[in-house]
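A.B. asks: Can you keep this structure in mind? I'll have questions shortly.
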Amino acid sequence: MEKLVSSWSTAGTTLPESYIFPLETRPGELHFGPDGNSNIPVIDLDEDHNHDQTSIIQQIIKAGQEYGIFQVVNHGVSEELMDETMKVMKKFHEMPAIDKARECSKDPKMRCRLYTSSENYSTEELHYWRDALVHPCHPLEEHMQFWPENPTQYREIVGKYTVEVRKLASKILELISQGLGVKPGYFSGELSENPIVLVNHYPACPEPGLALGIAKHRDPSVITILLQGDVPGLQLSKDGKWVVVPPLSHAFVVNIGYVLQVLSNGKLKGAEHRVVTNSSVARTTTSLFIYPSNDSIIKPETTLTDACNPPLYRAFQYKDFRSYYISNTADAEKVHEFMDRHT
């Protein structure tokens, strides 16, 4: 636990060499002004505000094709619950390292765990400026007993939050299924039965131009639903430039992941994104990753392929893909080699 960035970093810390990225990948000068926003789509999920469901579906599909990422408002999750969740997540990461470690040592299968940088910390050459708490959340009765009990309201608040955000994920995936023209309920069942909570904490960094919170990657999920709070840090790669995904009050960011890219046969694109740090305030975010079951076979949906649109990706078992993704540190070129049907 002494390796946690939050355990040793202070405003006057000299950045260790293992946290300094090469010139070609480091953020450099950071600009969070309006010119960096690149018109990330914001979609109103309220049909009364957005005319009708067809319009919402069209906006989601267009965003998935052009950006791989969008934000949603009027999504049905209460603002109070969002605020309470962010508050309890921040409280967890503010606790002493020994207390955080104790709270994450109850799961005999180590599915609820705390780590720093990445799951490859012991073998990676460079480290990310982040600490992370991760745990499963469905079914609640199976997993909640291993969640942190401190802060005292963690289980109650995060339990309610994950239920509501899973409902939102199901709604968004059903709209996507309609937009793609696949059968109703296509994403229910094994394609979304393994949701995982990830709480990232990025302490203030003394030299943010040299470090990264997370390097460039696409998520290994169907979709990811992110509550990013009010501190900027998420950036999207768009047309060869890094642009800010601006924090919007009580909005959720929705990332399309590799799995949906494969299932849609490339009609929707995984969002290539990264996280940068800042020197003034810590940033805490909460993600719900919608993962398939480990035994799921992931391949392009047959109704989306034909002689003119052959499958772009091979069939693979999700647990094999996930293992390869982690062991290769989300390297896009290697991941695409794994998925390519010609490999």
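Note on naming: chains are A, B, ... as they come in the structure tokens, residues start from 1 per chain, ligands start from 1 in the order shown.
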With range 55-60 of chain A as the partner and 8 Å as the cut-off, tabulate the residues of range 159-238 of chain A that qualify, each row holding the nearest pair of atoms and their distance in Å to one decimal, using only C-alpha atoms, sorted by chain and rising number, as JSON lines.
C.D. replies:
{"residue": "A:Leu175", "atom": "CA", "partner": "A:Ile57", "partner_atom": "CA", "distance": 5.7}
{"residue": "A:Ile176", "atom": "CA", "partner": "A:Ile57", "partner_atom": "CA", "distance": 6.7}
{"residue": "A:Gln178", "atom": "CA", "partner": "A:Ile57", "partner_atom": "CA", "distance": 7.4}
{"residue": "A:Gly179", "atom": "CA", "partner": "A:Ile57", "partner_atom": "CA", "distance": 5.7}
A.B. asks: Could you tell me how far CA of Val262 in chain A lies from CA of Gly233 in chain A, in Å and to one decimal?
C.D. replies: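 For CA of Val262 in chain A relative to CA of Gly233 in chain A, the distance reads 27.5 Å.
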A.B. asks: Quick one: DSSP strand (DSSP E) residues in range 51-178 of chain A, as a PyMOL selection string?
C.D. replies: chain A and resi 69-73+113-116+131-136
A.B. asks: Tell me, which residues of range 7-169 of chain A carry DSSP helix (DSSP H, G or I), written as a PyMOL selection string?
C.D. replies: chain A and resi 7-8+17-19+34-36+53-66+79-94+97-103+140-146+154-169
A.B. asks: Need the shell around Leu23 in chain A: protein/DNA/RNA residues with any atom at most 12 Å away, counting only C-alpha atoms. Skip same-chain ones fewer than 2 positions apart. Format as a compact mmCIF listing (two decimals) with N, CA, C and O atoms, in the first residue's frame?
C.D. replies:
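Result saved to out-v2.txt:
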# COMPACT_ATOMS: atom_id res chain seq x y z
N ILE A 20 7.44 9.41 -15.56
CA ILE A 20 7.65 10.38 -16.63
C ILE A 20 7.55 9.67 -17.98
O ILE A 20 8.36 8.80 -18.31
N PHE A 21 6.56 10.06 -18.77
CA PHE A 21 6.33 9.41 -20.05
C PHE A 21 7.22 10.01 -21.14
O PHE A 21 7.66 11.16 -21.03
N THR A 25 4.41 10.80 -26.02
CA THR A 25 3.14 10.37 -25.43
C THR A 25 2.70 11.21 -24.24
O THR A 25 1.56 11.12 -23.82
N ARG A 26 3.60 12.04 -23.70
CA ARG A 26 3.21 12.84 -22.53
C ARG A 26 2.26 13.96 -22.96
O ARG A 26 2.26 14.38 -24.13
N PRO A 27 1.46 14.47 -22.03
CA PRO A 27 0.45 15.48 -22.39
C PRO A 27 1.04 16.80 -22.86
O PRO A 27 0.48 17.45 -23.73
N GLY A 28 2.18 17.22 -22.28
CA GLY A 28 2.70 18.54 -22.62
C GLY A 28 1.83 19.62 -22.02
O GLY A 28 1.22 19.45 -20.97
N GLU A 29 1.75 20.76 -22.69
CA GLU A 29 0.91 21.85 -22.19
C GLU A 29 -0.56 21.44 -22.31
O GLU A 29 -1.00 20.97 -23.35
N GLY A 209 2.39 17.85 -16.91
CA GLY A 209 2.79 17.79 -18.32
C GLY A 209 3.67 16.60 -18.64
O GLY A 209 3.91 16.31 -19.81
N LEU A 210 4.15 15.89 -17.61
CA LEU A 210 5.05 14.76 -17.83
C LEU A 210 4.37 13.41 -17.58
O LEU A 210 4.86 12.38 -18.05
N ALA A 211 3.28 13.41 -16.84
CA ALA A 211 2.65 12.16 -16.39
C ALA A 211 1.31 11.94 -17.07
O ALA A 211 0.75 12.83 -17.71
N LEU A 212 0.79 10.73 -16.92
CA LEU A 212 -0.56 10.41 -17.39
C LEU A 212 -1.33 9.70 -16.29
O LEU A 212 -0.78 8.88 -15.55
A.B. asks: Would you mind telling me which residue in A:Arg111, A:His273, A:His75, A:Arg130 lies nearest to Ser170 in chain A when using only C-alpha atoms?
C.D. replies: A:His75
A.B. asks: Env of Met110 in chain A: 12 Å cut, atoms = only C-alpha atoms, seq-sep filter 2 positions within chain, self excluded. Answer as a list in words.
C.D. replies: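 Once the adjacent positions are removed, what remains is Ala101, Glu103, Cys104, Ser105, Lys106, Asp107, Pro108, Cys112, Arg113, Leu114, Tyr115, Leu133, Val134, His135, Pro136, His143, Phe146 and Trp147 of chain A.
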A.B. asks: Using only C-alpha atoms, what does the table of range 248-286 of chain A residues within 12 Å of range 161-165 of chain A look like, with each row giving the shortest atom pair and its distance in Å to one decimal, sorted by chain and ascending number, as a Markdown table?
C.D. replies:
| residue | atom | partner | partner_atom | distance |
| --- | --- | --- | --- | --- |
| A:Ala251 | CA | A:Val165 | CA | 11.9 |
| A:Phe252 | CA | A:Val165 | CA | 9.6 |
| A:Val253 | CA | A:Val165 | CA | 11.7 |
| A:Val254 | CA | A:Val165 | CA | 11.3 |
| A:Thr286 | CA | A:Thr162 | CA | 10.4 |
A.B. asks: Give me, as JSON lines, the closest atom pair and its distance (Å, one decimal) for every residue of range 215-253 of chain A within a cut-off of 9 Å of range 78-88 of chain A, counting only C-alpha atoms, rows sorted by chain and rising number.
C.D. replies:
{"residue": "A:Leu227", "atom": "CA", "partner": "A:Met82", "partner_atom": "CA", "distance": 7.9}
{"residue": "A:Gln228", "atom": "CA", "partner": "A:Met86", "partner_atom": "CA", "distance": 8.8}
{"residue": "A:Gly229", "atom": "CA", "partner": "A:Met86", "partner_atom": "CA", "distance": 7.3}
{"residue": "A:His250", "atom": "CA", "partner": "A:Glu79", "partner_atom": "CA", "distance": 6.1}
A.B. asks: Got a sec: who's within 6 Å of range 42-47 of chain A, counting only C-alpha atoms, leaving out chain neighbours fewer than 4 positions off, as a list in words?
C.D. replies: His51, Asp52, Gln53, Phe70, Gln71, Val72, Val73, Asn74 and His75 of chain A
A.B. asks: Do you know which residues are at most 9 Å from range 12-16 of chain A counting only C-alpha atoms, after dropping those on the same chain fewer than 2 positions away, and could you put them as a list in words?
C.D. replies: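 Surrounding residues, per the criterion: Trp8, Ser9, Thr10, Ser18, Tyr19, Ile20, Cys205, Pro206, Glu207, Leu210 and Ala211 of chain A.
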A.B. asks: Name the residues in contact with Glu337 in chain A at a cut-off of 12 Å, using only C-alpha atoms, excluding same-chain residues fewer than 3 positions from it; report them as a short mmCIF file (atom, residue, chain, number, x, y, z; two decimals) with C-alpha atoms, in the first residue's frame.
C.D. replies:
data_model
loop_
_atom_site.label_atom_id
_atom_site.label_comp_id
_atom_site.auth_asym_id
_atom_site.auth_seq_id
_atom_site.Cartn_x
_atom_site.Cartn_y
_atom_site.Cartn_z
CA LEU A 312 -14.28 -7.67 -39.83
CA TYR A 313 -13.49 -9.58 -36.65
CA ARG A 314 -13.08 -13.21 -35.68
CA PHE A 321 -9.79 -11.35 -24.96
CA TYR A 324 -4.90 -10.65 -23.61
CA TYR A 325 -6.02 -7.03 -23.26
CA ASN A 328 -0.72 -6.32 -23.36
CA ALA A 330 -4.43 -2.28 -23.85
CA ASP A 331 -2.01 -1.79 -26.78
CA ALA A 332 -4.34 -0.96 -29.67
CA GLU A 333 -2.24 -2.58 -32.37
CA LYS A 334 -1.94 -5.86 -30.48
CA ASP A 340 -8.78 -9.42 -36.68
CA ARG A 341 -10.48 -12.28 -38.52
CA HIS A 342 -7.43 -12.63 -40.79
CA THR A 343 -5.06 -13.33 -37.90
#
A.B. asks: What does the distance from CA of His217 in chain A to CA of Ser280 in chain A come to in Å, to one decimal?
C.D. replies: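 Going from CA of His217 in chain A over to CA of Ser280 in chain A, I get 25.2 Å.
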